[in-house]
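Heads up, coords.tsv below (TSV, C-alpha atoms):
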chain	number	residue	atom	x	y	z
K	44	MET	CA	83.11	13.42	-94.65
K	45	ILE	CA	81.28	10.16	-94.06
K	46	ARG	CA	82.83	7.23	-95.96
K	47	GLY	CA	82.05	3.52	-96.05
K	48	ALA	CA	79.13	3.76	-93.63
K	49	ALA	CA	75.90	1.75	-93.58
K	50	PHE	CA	72.66	1.53	-91.60
K	51	GLU	CA	69.35	-0.31	-91.75
K	52	ALA	CA	66.06	1.49	-92.32
K	53	LYS	CA	64.24	1.69	-89.02
K	54	ALA	CA	60.81	2.13	-90.59
K	55	GLY	CA	59.08	1.50	-93.89
K	56	GLY	CA	57.70	4.14	-96.24
K	57	ILE	CA	60.27	6.80	-95.48
K	58	ARG	CA	62.17	8.47	-98.35
K	59	LEU	CA	65.85	7.69	-98.72
K	60	ASP	CA	66.92	11.34	-98.42
K	61	ALA	CA	64.85	11.79	-95.25
K	62	ALA	CA	66.38	8.64	-93.72
K	63	LEU	CA	69.89	9.91	-94.49
K	64	LEU	CA	69.15	13.26	-92.87
K	65	MET	CA	67.86	11.56	-89.73
K	66	GLU	CA	70.83	9.20	-89.56
K	67	TYR	CA	73.42	11.91	-90.23
K	68	PRO	CA	72.22	15.25	-88.78
K	69	SER	CA	75.55	16.89	-89.67
K	70	VAL	CA	74.76	16.58	-93.39
K	71	PRO	CA	72.88	19.38	-95.22
K	72	ARG	CA	69.94	18.40	-97.42
K	73	SER	CA	71.70	19.66	-100.57
K	74	PHE	CA	74.67	17.39	-99.90
K	75	VAL	CA	72.37	14.37	-99.59
K	76	ARG	CA	70.85	15.23	-102.96
K	77	GLU	CA	74.29	15.58	-104.55
K	78	ALA	CA	75.48	12.24	-103.13
K	79	CYS	CA	72.40	10.42	-104.40
K	80	ASP	CA	72.68	12.03	-107.84
K	81	ALA	CA	76.36	11.05	-108.01
K	82	GLY	CA	75.57	7.41	-107.23
K	83	HIS	CA	77.33	7.43	-103.87
K	84	ILE	CA	74.31	5.97	-102.02
K	85	LYS	CA	73.12	2.39	-102.48
K	86	VAL	CA	70.13	0.52	-101.10
K	87	ASN	CA	70.54	-3.24	-100.84
K	88	GLY	CA	73.55	-3.05	-103.15
K	89	ARG	CA	71.98	-0.88	-105.86
K	90	VAL	CA	72.37	2.82	-106.58
K	91	ALA	CA	69.19	4.54	-105.43
K	92	ALA	CA	67.43	7.82	-106.13
K	93	LYS	CA	66.88	10.26	-103.26
K	94	GLY	CA	63.09	9.84	-103.43
K	95	MET	CA	63.12	6.06	-103.14
K	96	LYS	CA	60.75	4.77	-100.45
K	97	LEU	CA	62.56	2.46	-98.06
K	98	ARG	CA	61.24	-0.72	-96.51
K	99	LEU	CA	61.86	-1.75	-92.93
K	100	GLY	CA	65.34	-3.30	-92.71
K	101	ASP	CA	66.62	-2.06	-96.09
K	102	LEU	CA	70.41	-1.69	-96.01
K	103	VAL	CA	71.57	1.82	-96.92
K	104	GLU	CA	75.25	2.02	-97.88
K	105	VAL	CA	77.13	5.32	-98.02
K	106	ALA	CA	80.25	5.40	-100.17
K	107	SER	CA	80.87	9.10	-99.44
K	108	LEU	CA	78.75	11.89	-98.03
K	109	ASP	CA	79.95	15.40	-97.22
K	110	GLU	CA	79.08	17.05	-93.91
K	111	ASP	CA	78.71	20.68	-92.85
K	112	VAL	CA	82.39	20.78	-91.96
K	113	ASP	CA	83.25	19.95	-95.57
K	114	ASN	CA	81.45	23.04	-96.84
K	115	ARG	CA	84.59	25.14	-97.32
K	116	PRO	CA	86.58	26.51	-100.25
K	117	LEU	CA	89.02	24.09	-101.82
K	118	ARG	CA	92.62	25.24	-101.84
K	119	ASP	CA	93.70	26.32	-105.30
K	120	ASP	CA	97.44	26.94	-105.59
K	121	SER	CA	97.01	28.30	-109.11
K	122	VAL	CA	95.32	31.40	-107.66
K	123	VAL	CA	97.98	33.76	-106.31
K	124	PRO	CA	96.21	36.56	-104.39
K	125	CYS	CA	97.74	40.05	-104.50
K	126	CYS	CA	98.06	40.77	-100.79
K	127	VAL	CA	98.28	44.50	-100.01
K	128	TYR	CA	98.06	44.26	-96.21
K	129	GLU	CA	98.74	41.57	-93.62
K	130	ASP	CA	98.86	41.42	-89.84
K	131	SER	CA	97.93	38.81	-87.23
K	132	SER	CA	94.19	39.47	-87.53
K	133	LEU	CA	93.53	40.95	-90.99
K	134	LEU	CA	94.39	40.42	-94.63
K	135	ALA	CA	93.60	42.66	-97.58
K	136	PHE	CA	93.77	41.78	-101.27
K	137	ASP	CA	93.60	43.58	-104.60
K	138	LYS	CA	91.23	41.37	-106.57
K	139	PRO	CA	91.56	41.43	-110.36
K	140	VAL	CA	88.68	41.92	-112.79
K	141	GLY	CA	86.95	38.68	-113.74
K	142	MET	CA	87.69	36.77	-110.54
K	143	PRO	CA	84.81	36.04	-108.11
K	144	VAL	CA	85.48	36.67	-104.43
K	145	GLN	CA	84.16	33.31	-103.24
K	146	PRO	CA	82.99	30.02	-104.77
K	147	LEU	CA	79.26	29.39	-105.07
K	148	THR	CA	79.74	25.70	-104.30
K	149	ARG	CA	82.42	23.86	-102.34
K	150	ARG	CA	83.69	22.20	-105.53
K	151	GLU	CA	84.31	25.43	-107.42
K	152	THR	CA	87.88	26.72	-107.75
K	153	GLY	CA	89.53	29.74	-109.33
K	154	THR	CA	88.12	32.31	-106.89
K	155	LEU	CA	90.00	34.66	-104.59
K	156	MET	CA	89.10	32.67	-101.48
K	157	ASN	CA	90.35	29.43	-103.06
K	158	GLY	CA	93.74	31.12	-103.31
K	159	VAL	CA	93.50	32.64	-99.83
K	160	VAL	CA	92.83	29.35	-98.01
K	161	ALA	CA	95.71	27.73	-99.90
K	162	ARG	CA	98.14	30.20	-98.29
K	163	TRP	CA	96.29	31.25	-95.13
K	164	PRO	CA	94.45	28.06	-94.07
K	165	GLU	CA	93.52	29.61	-90.71
K	166	CYS	CA	90.79	31.53	-92.57
K	167	ILE	CA	88.85	28.30	-93.11
K	168	GLY	CA	85.84	28.25	-90.81
K	169	VAL	CA	86.00	31.96	-89.98
K	170	GLY	CA	82.76	33.89	-90.36
K	171	ASP	CA	79.08	33.18	-90.85
K	172	SER	CA	79.28	31.85	-94.42
K	173	PRO	CA	81.60	28.83	-94.81
K	174	LEU	CA	82.48	29.51	-98.45
K	175	MET	CA	83.49	33.10	-97.63
K	176	ALA	CA	86.27	31.81	-95.31
K	177	GLY	CA	86.62	35.06	-93.40
K	178	ALA	CA	85.97	37.47	-96.28
K	179	LEU	CA	84.26	40.48	-94.72
K	180	HIS	CA	82.46	41.70	-97.83
K	181	ARG	CA	82.04	40.98	-101.52
K	182	ILE	CA	82.68	42.88	-104.70
K	183	ASP	CA	81.38	41.77	-108.09
K	184	ALA	CA	83.52	39.57	-110.31
K	185	GLY	CA	83.62	42.39	-112.87
K	186	THR	CA	84.78	44.90	-110.24
K	187	SER	CA	88.44	45.06	-109.25
K	188	GLY	CA	90.02	46.11	-106.00
K	189	LEU	CA	90.07	45.79	-102.24
K	190	VAL	CA	88.70	42.78	-100.35
K	191	LEU	CA	89.18	42.52	-96.58
K	192	VAL	CA	89.54	39.13	-94.87
K	193	ALA	CA	89.59	38.28	-91.16
K	194	ARG	CA	92.03	35.63	-89.95
K	195	ASP	CA	90.16	34.71	-86.75
K	196	ARG	CA	86.64	34.77	-85.33
K	197	GLU	CA	87.26	37.65	-82.93
K	198	ALA	CA	88.51	39.95	-85.69
K	199	TYR	CA	85.65	38.86	-87.92
K	200	GLY	CA	83.04	39.68	-85.28
K	201	LYS	CA	84.47	43.12	-84.54
K	202	MET	CA	84.81	44.02	-88.21
K	203	ARG	CA	81.32	42.83	-89.09
K	204	SER	CA	79.94	44.98	-86.28
K	205	GLN	CA	81.58	47.99	-87.91
K	206	PHE	CA	80.07	47.07	-91.27
K	207	ALA	CA	76.65	46.72	-89.64
K	208	ASP	CA	77.04	50.13	-87.97
K	209	HIS	CA	78.07	51.72	-91.30
K	210	ALA	CA	81.39	52.65	-89.69
K	211	VAL	CA	83.53	51.30	-92.54
K	212	LYS	CA	84.20	53.95	-95.19
K	213	LYS	CA	84.77	52.42	-98.62
K	214	VAL	CA	86.11	54.52	-101.49
K	215	TYR	CA	85.83	53.45	-105.12
K	216	LEU	CA	86.93	54.80	-108.48
K	217	ALA	CA	84.31	54.74	-111.22
K	218	LEU	CA	84.76	55.78	-114.84
K	219	VAL	CA	81.40	56.90	-116.19
K	220	GLU	CA	80.01	57.91	-119.56
K	221	GLY	CA	79.47	61.65	-120.08
K	222	ARG	CA	80.82	64.70	-118.33
K	223	VAL	CA	80.06	65.18	-114.64
K	224	ASP	CA	81.09	68.56	-113.22
K	225	ALA	CA	79.52	68.61	-109.76
K	226	GLU	CA	79.68	66.35	-106.75
K	227	GLY	CA	76.51	64.91	-105.28
K	228	THR	CA	74.74	62.41	-103.04
K	229	LEU	CA	72.52	59.58	-104.23
K	230	GLU	CA	69.84	58.00	-102.03
K	231	ASN	CA	67.75	55.04	-103.19
K	232	ASP	CA	65.76	52.15	-101.76
K	233	LEU	CA	67.09	49.25	-103.79
K	234	VAL	CA	65.50	45.84	-104.38
K	235	HIS	CA	66.22	42.88	-106.63
K	236	MET	CA	64.25	43.20	-109.86
K	237	PRO	CA	61.76	40.30	-109.83
K	238	GLY	CA	61.29	37.88	-112.69
K	239	LEU	CA	64.91	37.91	-113.87
K	240	GLY	CA	67.23	34.93	-113.97
K	241	TYR	CA	70.08	37.13	-112.78
K	242	CYS	CA	70.65	39.88	-110.23
K	243	LYS	CA	69.75	43.46	-111.09
K	244	MET	CA	68.91	46.16	-108.57
K	245	VAL	CA	66.21	48.79	-109.07
K	246	ASP	CA	64.69	51.63	-107.04
K	247	VAL	CA	61.48	50.21	-105.57
K	248	ALA	CA	59.67	53.55	-105.81
K	249	HIS	CA	60.45	54.23	-109.46
K	250	ALA	CA	60.91	50.85	-111.15
K	251	ARG	CA	58.31	49.56	-113.57
K	252	LEU	CA	56.67	47.14	-111.17
K	253	SER	CA	53.11	45.99	-110.78
K	254	ASP	CA	51.22	47.17	-107.71
K	255	SER	CA	51.41	43.70	-106.18
K	256	GLU	CA	55.17	43.46	-106.83
K	257	ARG	CA	55.80	46.88	-105.32
K	258	LYS	CA	53.74	46.03	-102.24
K	259	ALA	CA	55.65	42.76	-101.78
K	260	LEU	CA	59.07	44.31	-102.37
K	261	CYS	CA	58.78	47.49	-100.31
K	262	PRO	CA	59.53	45.78	-96.96
K	263	LYS	CA	62.63	44.21	-98.54
K	264	ALA	CA	64.05	47.48	-99.89
K	265	MET	CA	67.58	48.32	-98.73
K	266	ARG	CA	68.55	51.94	-98.19
K	267	ALA	CA	71.63	52.90	-100.17
K	268	VAL	CA	73.48	56.21	-99.80
K	269	THR	CA	76.37	57.05	-102.11
K	270	THR	CA	78.41	60.22	-102.50
K	271	TYR	CA	80.50	61.04	-105.54
K	272	ARG	CA	82.78	63.75	-106.83
K	273	PRO	CA	84.46	64.17	-110.23
K	274	ILE	CA	88.25	64.05	-110.08
K	275	ALA	CA	89.17	63.85	-113.78
K	276	HIS	CA	87.70	64.26	-117.26
K	277	SER	CA	88.71	62.96	-120.65
K	278	ARG	CA	87.35	61.99	-124.05
K	279	ARG	CA	87.26	58.55	-125.61
K	280	GLU	CA	86.18	58.01	-129.19
K	281	CYS	CA	84.71	61.52	-129.35
K	282	GLU	CA	82.69	61.03	-126.15
K	283	ASP	CA	83.20	62.57	-122.72
K	284	ILE	CA	84.08	60.33	-119.79
K	285	THR	CA	84.48	61.27	-116.13
K	286	LEU	CA	86.50	59.66	-113.36
K	287	LEU	CA	84.54	59.74	-110.11
K	288	GLU	CA	85.64	59.16	-106.55
K	289	VAL	CA	82.72	57.33	-104.96
K	290	THR	CA	82.22	56.79	-101.22
K	291	ILE	CA	79.80	54.37	-99.58
K	292	TYR	CA	79.12	53.33	-95.99
K	293	THR	CA	76.32	50.88	-96.76
K	294	GLY	CA	76.90	47.67	-98.69
K	295	VAL	CA	73.84	46.97	-100.82
K	296	THR	CA	74.27	44.59	-103.76
K	297	HIS	CA	75.33	46.48	-106.91
K	298	GLN	CA	74.90	49.72	-104.95
K	299	ILE	CA	77.28	51.94	-106.92
K	300	ARG	CA	76.46	50.41	-110.30
K	301	ALA	CA	72.71	50.74	-109.83
K	302	GLN	CA	72.69	54.20	-108.25
K	303	LEU	CA	75.03	55.80	-110.76
K	304	ALA	CA	72.99	54.32	-113.63
K	305	LEU	CA	69.73	55.54	-112.08
K	306	ALA	CA	71.27	59.03	-111.97
K	307	GLY	CA	72.26	58.83	-115.65
K	308	MET	CA	75.97	58.18	-114.98
K	309	HIS	CA	76.59	54.74	-116.49
K	310	ILE	CA	79.85	53.03	-115.54
K	311	VAL	CA	81.89	52.37	-118.67
K	312	ASN	CA	81.18	48.88	-120.07
K	313	ASP	CA	78.59	48.06	-117.37
K	314	ARG	CA	76.13	46.64	-119.86
K	315	LEU	CA	73.83	45.22	-117.18
K	316	TYR	CA	73.00	48.78	-116.15
K	317	GLY	CA	72.73	50.29	-119.61
K	318	ALA	CA	76.27	51.30	-120.60
K	319	PHE	CA	77.56	50.94	-124.13
K	320	ALA	CA	79.74	47.91	-124.82
K	321	VAL	CA	83.48	48.52	-125.13
K	322	GLU	CA	85.24	46.31	-127.63
K	323	GLY	CA	87.63	43.84	-126.00
K	324	MET	CA	87.01	45.00	-122.40
K	325	THR	CA	86.48	42.53	-119.56
K	326	GLY	CA	84.41	43.70	-116.61
K	327	HIS	CA	83.45	47.31	-116.03
K	328	CYS	CA	85.37	50.39	-114.89
K	329	LEU	CA	84.70	50.20	-111.15
K	330	HIS	CA	87.52	49.69	-108.64
K	331	ALA	CA	87.40	49.33	-104.84
K	332	LEU	CA	90.23	51.71	-103.96
K	333	SER	CA	90.37	51.84	-100.15
K	334	ALA	CA	88.67	51.21	-96.82
K	335	SER	CA	88.92	53.06	-93.50
K	336	PHE	CA	87.88	51.53	-90.17
K	337	ALA	CA	88.95	50.96	-86.58
K	338	HIS	CA	91.45	48.12	-86.37
K	339	PRO	CA	89.79	45.14	-84.60
K	340	VAL	CA	92.74	44.64	-82.23
K	341	SER	CA	94.30	48.06	-81.61
K	342	ASP	CA	91.11	50.06	-82.23
K	343	GLU	CA	93.29	52.61	-84.03
K	344	GLU	CA	92.12	54.20	-87.28
K	345	CYS	CA	93.28	52.05	-90.17
K	346	GLU	CA	93.18	52.82	-93.89
K	347	ILE	CA	94.12	50.24	-96.50
K	348	SER	CA	94.49	51.18	-100.15
K	349	THR	CA	95.09	49.52	-103.48
K	350	THR	CA	96.74	50.82	-106.65
K	351	PRO	CA	94.37	52.56	-109.08
K	352	PRO	CA	93.77	50.53	-112.26
K	353	SER	CA	95.23	51.50	-115.63
K	354	TRP	CA	91.94	52.95	-116.93
K	355	ALA	CA	91.89	55.42	-114.03
K	356	LYS	CA	95.50	56.51	-114.55
K	357	LYS	CA	94.83	57.36	-118.20
K	358	VAL	CA	92.23	60.04	-117.42
K	359	ALA	CA	93.48	63.63	-117.26
K	360	PRO	CA	93.08	65.60	-113.99
K	361	ALA	CA	89.80	67.47	-113.55
K	362	GLY	CA	89.92	70.96	-114.97
K	363	ASP	CA	92.22	70.08	-117.89

Output the file's structure in the form of C-alpha cells.
Amino acid sequence: MIRGAAFEAKAGGIRLDAALLMEYPSVPRSFVREACDAGHIKVNGRVAAKGMKLRLGDLVEVASLDEDVDNRPLRDDSVVPCCVYEDSSLLAFDKPVGMPVQPLTRRETGTLMNGVVARWPECIGVGDSPLMAGALHRIDAGTSGLVLVARDREAYGKMRSQFADHAVKKVYLALVEGRVDAEGTLENDLVHMPGLGYCKMVDVAHARLSDSERKALCPKAMRAVTTYRPIAHSRRECEDITLLEVTIYTGVTHQIRAQLALAGMHIVNDRLYGAFAVEGMTGHCLHALSASFAHPVSDEECEISTTPPSWAKKVAPAGD
C-alpha cells in the first residue's frame, strides 16, 4: 500500500487517474478509482475527482492507495472452516450452504477464503486469481460441500493442469423433484444467458435467443458433460423426490444445476432454474461430495470426501 506519497504533475491536461497510473504502475485502475471516490487523493490540498484535468506542476497527494499486492482476502477469524483434509501441499474444506467460496472484492469478509487465510496464511498469493488464495475451483454459495485449496504454487499448477485435462472426478449429491428411475448422461453447450443482471446458464442451441445473439454466443459455448444415477427415492408433501449421484469432469458455471433443469430434473429449491420454493430452506439441495485426482506431490490416486448433508440422509434407499 502506498501511504503519504506525493508527486508533481509532469504535464498539463492529463486526467488525475491517468497520472496516478503512470506514477504508480503497481496500482490497478479500479483501485485508483476507489481511492479517489473515498477522498484519499488530493490535488493542491483539495480532494479531487478521478477525472480532474491536471495542470503542469500540480501537487498530487496520496493519503493511501492500494497496490496489486494488496488485492488479497482479508483474514476473518470469525469464519472457522471445516477442514476435512490437510497435508503439506493441499487442504480440503466442507463449505456450508450460504457461504461464498471467495470474496468479490478485497474488502469483503465472511467467505470461506477469508477464514482459510486467517489460519493458513501461506495460501495468500497462491494461484492465478488473488482473491481465490489457492482455491482450485468454486462452488455456488447455495451449494454445500468440498472445496480444494493448494498451499503452494507448485501444487496449484499441478492440480490446475489436472482440472484443465478433465482428470479430476467430482461427485455430487443432488435431490431433485420427481421420480428418476434410470441413470443417464447429459451433454450441453452452455452459455451465459444475455440480458440478465445475474448469472444463468442456458443451452446455446435450444435457448430462446435471437439469431444475432446465438451467432455471437456460439463461439463462447462451453461443453458440459454430466452423468447421473438415482440412489434413493422418497416422497415429500405428496410429491416424489429422487436423490441422484452426479459425476462431472468439466467445471462449467452452474453445470449440474442447468443441465439437470434442462432435462426436467429440477434440484429441490433451486428457484433460479425453475424449482418450486421450499418454505424456510436456504440454498438448494446440491452437495459436492468428493473429488478423485492424482496427488500433486506423490502422484498417487487420492480421493477426498465430505459427509452427506442431512437432506440426503433422510431419503430412503432406492428400491424401497

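Within 9 Å of Ala78 in chain K, once all atoms listed in the file are used and residues closer than 2 positions along the same chain are dropped, the contacting residues are Ser73, Phe74, Val75, Arg76, Asp80, Ala81, Gly82, His83, Ile84, Lys93, Val105, Ala106, Ser107, Leu108 and Asp109 of chain K.
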
- [ ] In Å, rounded to a single decimal, give me how far CA of Leu134 in chain K is from CA of Ser187 in chain K.
- [x]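 Rounded to one decimal, the two atoms are 16.5 Å apart.
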
Task: Contact residues around range 266-275 of chain K with only C-alpha atoms at 9 Å, ignoring same-chain residues under 2 positions, as a VMD selection string - done: chain K and resid 222 to 233 264 277 284 to 295 298 to 299 302 to 303 355 358 to 363

Task: Within 12 Å of range 320-329 of chain K using all atoms listed in the file, minus same-chain residues under 3 positions, as a PyMOL selection string - done: chain K and resi 138-143+182-189+214-220+279-280+284-289+297-300+303+309-317+332+351-356

- [ ] Would you list the contacts of Leu63 in chain K as number ranges by chain, taking every protein, DNA or RNA residue within 12 Å and counting only C-alpha atoms, but skipping same-chain residues closer than 5 positions in sequence?
- [x] K: 45, 48-53, 57-58, 68-76, 78-79, 84-86, 93-95, 97, 102-105, 108-110

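Proximity to Ser204 in chain K was assessed for K:Met44, K:Leu174, K:Ala259, K:Ala337 counting only C-alpha atoms; the smallest distance is recorded for K:Ala337.
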
TODO: Give as a VMD selection string the set of residues within 10 Å of the point (84.3, 34.9, -96.3), where distances use the file's coordinates and only C-alpha atoms.
DONE: chain K and resid 115 to 116 144 to 146 156 166 to 181 190 to 193 199

Task: Straight-line distance linking CA of Ala334 in chain K with CA of Lys201 in chain K, stated in Å to one decimal - done: 15.3 Å

Task: Atom pair CA of Leu133 in chain K / CA of Glu151 in chain K: separation (Å) - done: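 Computing it gives 24.4 Å between the two atoms.
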
Close residues, Pro124 in chain K itself excluded, 10 Å, all atoms listed in the file, min 3 positions apart in chain, as a PDB file with C-alpha atoms, keeping the file's coordinate frame:
ATOM      1  CA  ASP K 120      97.440  26.940-105.590  1.00  0.00           C
ATOM      2  CA  SER K 121      97.010  28.300-109.110  1.00  0.00           C
ATOM      3  CA  VAL K 127      98.280  44.500-100.010  1.00  0.00           C
ATOM      4  CA  ALA K 135      93.600  42.660 -97.580  1.00  0.00           C
ATOM      5  CA  PHE K 136      93.770  41.780-101.270  1.00  0.00           C
ATOM      6  CA  ASP K 137      93.600  43.580-104.600  1.00  0.00           C
ATOM      7  CA  LYS K 138      91.230  41.370-106.570  1.00  0.00           C
ATOM      8  CA  PRO K 139      91.560  41.430-110.360  1.00  0.00           C
ATOM      9  CA  THR K 154      88.120  32.310-106.890  1.00  0.00           C
ATOM     10  CA  LEU K 155      90.000  34.660-104.590  1.00  0.00           C
ATOM     11  CA  MET K 156      89.100  32.670-101.480  1.00  0.00           C
ATOM     12  CA  ASN K 157      90.350  29.430-103.060  1.00  0.00           C
ATOM     13  CA  GLY K 158      93.740  31.120-103.310  1.00  0.00           C
ATOM     14  CA  VAL K 159      93.500  32.640 -99.830  1.00  0.00           C
ATOM     15  CA  ALA K 161      95.710  27.730 -99.900  1.00  0.00           C
ATOM     16  CA  ARG K 162      98.140  30.200 -98.290  1.00  0.00           C
TER      17      ARG K 162
END

Open item on the list: Is it possible to get the residues within 8 Å of (57.0, 44.1, -113.3) (coordinates as in the file, counting all atoms listed in the file) written as a VMD selection string?
Closed with: chain K and resid 237 to 238 251 to 253 256

Open item on the list: So, with all atoms listed in the file as the atoms that count, which of K:Asp246, K:Glu282, K:Asp130, K:Glu344 lies closest to Ala301 in chain K?
Closed with: K:Asp246

Is there a way to complete range 202-211 of chain K with all heavy atoms and then write that out as a PDB file, in the frame of the given file?
ATOM      1  N   MET K 202      84.893  43.339 -86.919  1.00  0.00           N
ATOM      2  CA  MET K 202      84.810  44.020 -88.210  1.00  0.00           C
ATOM      3  C   MET K 202      83.385  43.999 -88.753  1.00  0.00           C
ATOM      4  O   MET K 202      82.895  45.002 -89.284  1.00  0.00           O
ATOM      5  CB  MET K 202      85.763  43.360 -89.205  1.00  0.00           C
ATOM      6  CG  MET K 202      87.234  43.664 -88.960  1.00  0.00           C
ATOM      7  SD  MET K 202      87.620  45.432 -89.109  1.00  0.00           S
ATOM      8  CE  MET K 202      87.191  45.729 -90.829  1.00  0.00           C
ATOM      9  N   ARG K 203      82.699  42.892 -88.600  1.00  0.00           N
ATOM     10  CA  ARG K 203      81.320  42.830 -89.090  1.00  0.00           C
ATOM     11  C   ARG K 203      80.415  43.791 -88.324  1.00  0.00           C
ATOM     12  O   ARG K 203      79.466  44.345 -88.891  1.00  0.00           O
ATOM     13  CB  ARG K 203      80.781  41.406 -88.996  1.00  0.00           C
ATOM     14  CG  ARG K 203      81.292  40.449 -90.060  1.00  0.00           C
ATOM     15  CD  ARG K 203      81.075  40.956 -91.471  1.00  0.00           C
ATOM     16  NE  ARG K 203      79.680  41.299 -91.724  1.00  0.00           N
ATOM     17  CZ  ARG K 203      79.263  42.016 -92.763  1.00  0.00           C
ATOM     18  NH1 ARG K 203      80.125  42.479 -93.638  1.00  0.00           N
ATOM     19  NH2 ARG K 203      77.974  42.264 -92.931  1.00  0.00           N
ATOM     20  N   SER K 204      80.714  44.005 -87.053  1.00  0.00           N
ATOM     21  CA  SER K 204      79.940  44.980 -86.280  1.00  0.00           C
ATOM     22  C   SER K 204      80.123  46.380 -86.857  1.00  0.00           C
ATOM     23  O   SER K 204      79.165  47.163 -86.934  1.00  0.00           O
ATOM     24  CB  SER K 204      80.381  44.965 -84.813  1.00  0.00           C
ATOM     25  OG  SER K 204      80.023  43.742 -84.195  1.00  0.00           O
ATOM     26  N   GLN K 205      81.328  46.689 -87.290  1.00  0.00           N
ATOM     27  CA  GLN K 205      81.580  47.990 -87.910  1.00  0.00           C
ATOM     28  C   GLN K 205      80.846  48.129 -89.244  1.00  0.00           C
ATOM     29  O   GLN K 205      80.291  49.188 -89.553  1.00  0.00           O
ATOM     30  CB  GLN K 205      83.072  48.222 -88.114  1.00  0.00           C
ATOM     31  CG  GLN K 205      83.854  48.409 -86.831  1.00  0.00           C
ATOM     32  CD  GLN K 205      85.286  48.810 -87.083  1.00  0.00           C
ATOM     33  OE1 GLN K 205      85.562  49.885 -87.607  1.00  0.00           O
ATOM     34  NE2 GLN K 205      86.213  47.932 -86.723  1.00  0.00           N
ATOM     35  N   PHE K 206      80.829  47.048 -90.013  1.00  0.00           N
ATOM     36  CA  PHE K 206      80.070  47.070 -91.270  1.00  0.00           C
ATOM     37  C   PHE K 206      78.588  47.291 -90.980  1.00  0.00           C
ATOM     38  O   PHE K 206      77.923  48.085 -91.650  1.00  0.00           O
ATOM     39  CB  PHE K 206      80.277  45.772 -92.037  1.00  0.00           C
ATOM     40  CG  PHE K 206      81.507  45.751 -92.912  1.00  0.00           C
ATOM     41  CD1 PHE K 206      82.698  45.207 -92.449  1.00  0.00           C
ATOM     42  CD2 PHE K 206      81.472  46.276 -94.192  1.00  0.00           C
ATOM     43  CE1 PHE K 206      83.833  45.192 -93.246  1.00  0.00           C
ATOM     44  CE2 PHE K 206      82.600  46.260 -95.006  1.00  0.00           C
ATOM     45  CZ  PHE K 206      83.792  45.719 -94.527  1.00  0.00           C
ATOM     46  N   ALA K 207      78.064  46.589 -89.981  1.00  0.00           N
ATOM     47  CA  ALA K 207      76.650  46.720 -89.640  1.00  0.00           C
ATOM     48  C   ALA K 207      76.300  48.114 -89.157  1.00  0.00           C
ATOM     49  O   ALA K 207      75.193  48.612 -89.398  1.00  0.00           O
ATOM     50  CB  ALA K 207      76.265  45.680 -88.586  1.00  0.00           C
ATOM     51  N   ASP K 208      77.254  48.777 -88.489  1.00  0.00           N
ATOM     52  CA  ASP K 208      77.040  50.130 -87.970  1.00  0.00           C
ATOM     53  C   ASP K 208      77.381  51.201 -88.996  1.00  0.00           C
ATOM     54  O   ASP K 208      77.369  52.401 -88.671  1.00  0.00           O
ATOM     55  CB  ASP K 208      77.879  50.345 -86.709  1.00  0.00           C
ATOM     56  CG  ASP K 208      77.428  49.485 -85.543  1.00  0.00           C
ATOM     57  OD1 ASP K 208      76.255  49.045 -85.553  1.00  0.00           O
ATOM     58  OD2 ASP K 208      78.239  49.236 -84.636  1.00  0.00           O
ATOM     59  N   HIS K 209      77.694  50.792 -90.219  1.00  0.00           N
ATOM     60  CA  HIS K 209      78.070  51.720 -91.300  1.00  0.00           C
ATOM     61  C   HIS K 209      79.289  52.558 -90.912  1.00  0.00           C
ATOM     62  O   HIS K 209      79.394  53.736 -91.285  1.00  0.00           O
ATOM     63  CB  HIS K 209      76.897  52.631 -91.675  1.00  0.00           C
ATOM     64  CG  HIS K 209      75.679  51.878 -92.116  1.00  0.00           C
ATOM     65  ND1 HIS K 209      74.415  52.439 -92.136  1.00  0.00           N
ATOM     66  CD2 HIS K 209      75.517  50.604 -92.543  1.00  0.00           C
ATOM     67  CE1 HIS K 209      73.542  51.550 -92.550  1.00  0.00           C
ATOM     68  NE2 HIS K 209      74.199  50.419 -92.802  1.00  0.00           N
ATOM     69  N   ALA K 210      80.196  51.945 -90.150  1.00  0.00           N
ATOM     70  CA  ALA K 210      81.390  52.650 -89.690  1.00  0.00           C
ATOM     71  C   ALA K 210      82.598  52.393 -90.590  1.00  0.00           C
ATOM     72  O   ALA K 210      83.673  52.948 -90.348  1.00  0.00           O
ATOM     73  CB  ALA K 210      81.725  52.222 -88.262  1.00  0.00           C
ATOM     74  N   VAL K 211      82.448  51.563 -91.592  1.00  0.00           N
ATOM     75  CA  VAL K 211      83.530  51.300 -92.540  1.00  0.00           C
ATOM     76  C   VAL K 211      83.315  52.190 -93.767  1.00  0.00           C
ATOM     77  O   VAL K 211      82.290  52.099 -94.437  1.00  0.00           O
ATOM     78  CB  VAL K 211      83.567  49.816 -92.961  1.00  0.00           C
ATOM     79  CG1 VAL K 211      84.702  49.577 -93.964  1.00  0.00           C
ATOM     80  CG2 VAL K 211      83.753  48.921 -91.740  1.00  0.00           C
TER      81      VAL K 211
END
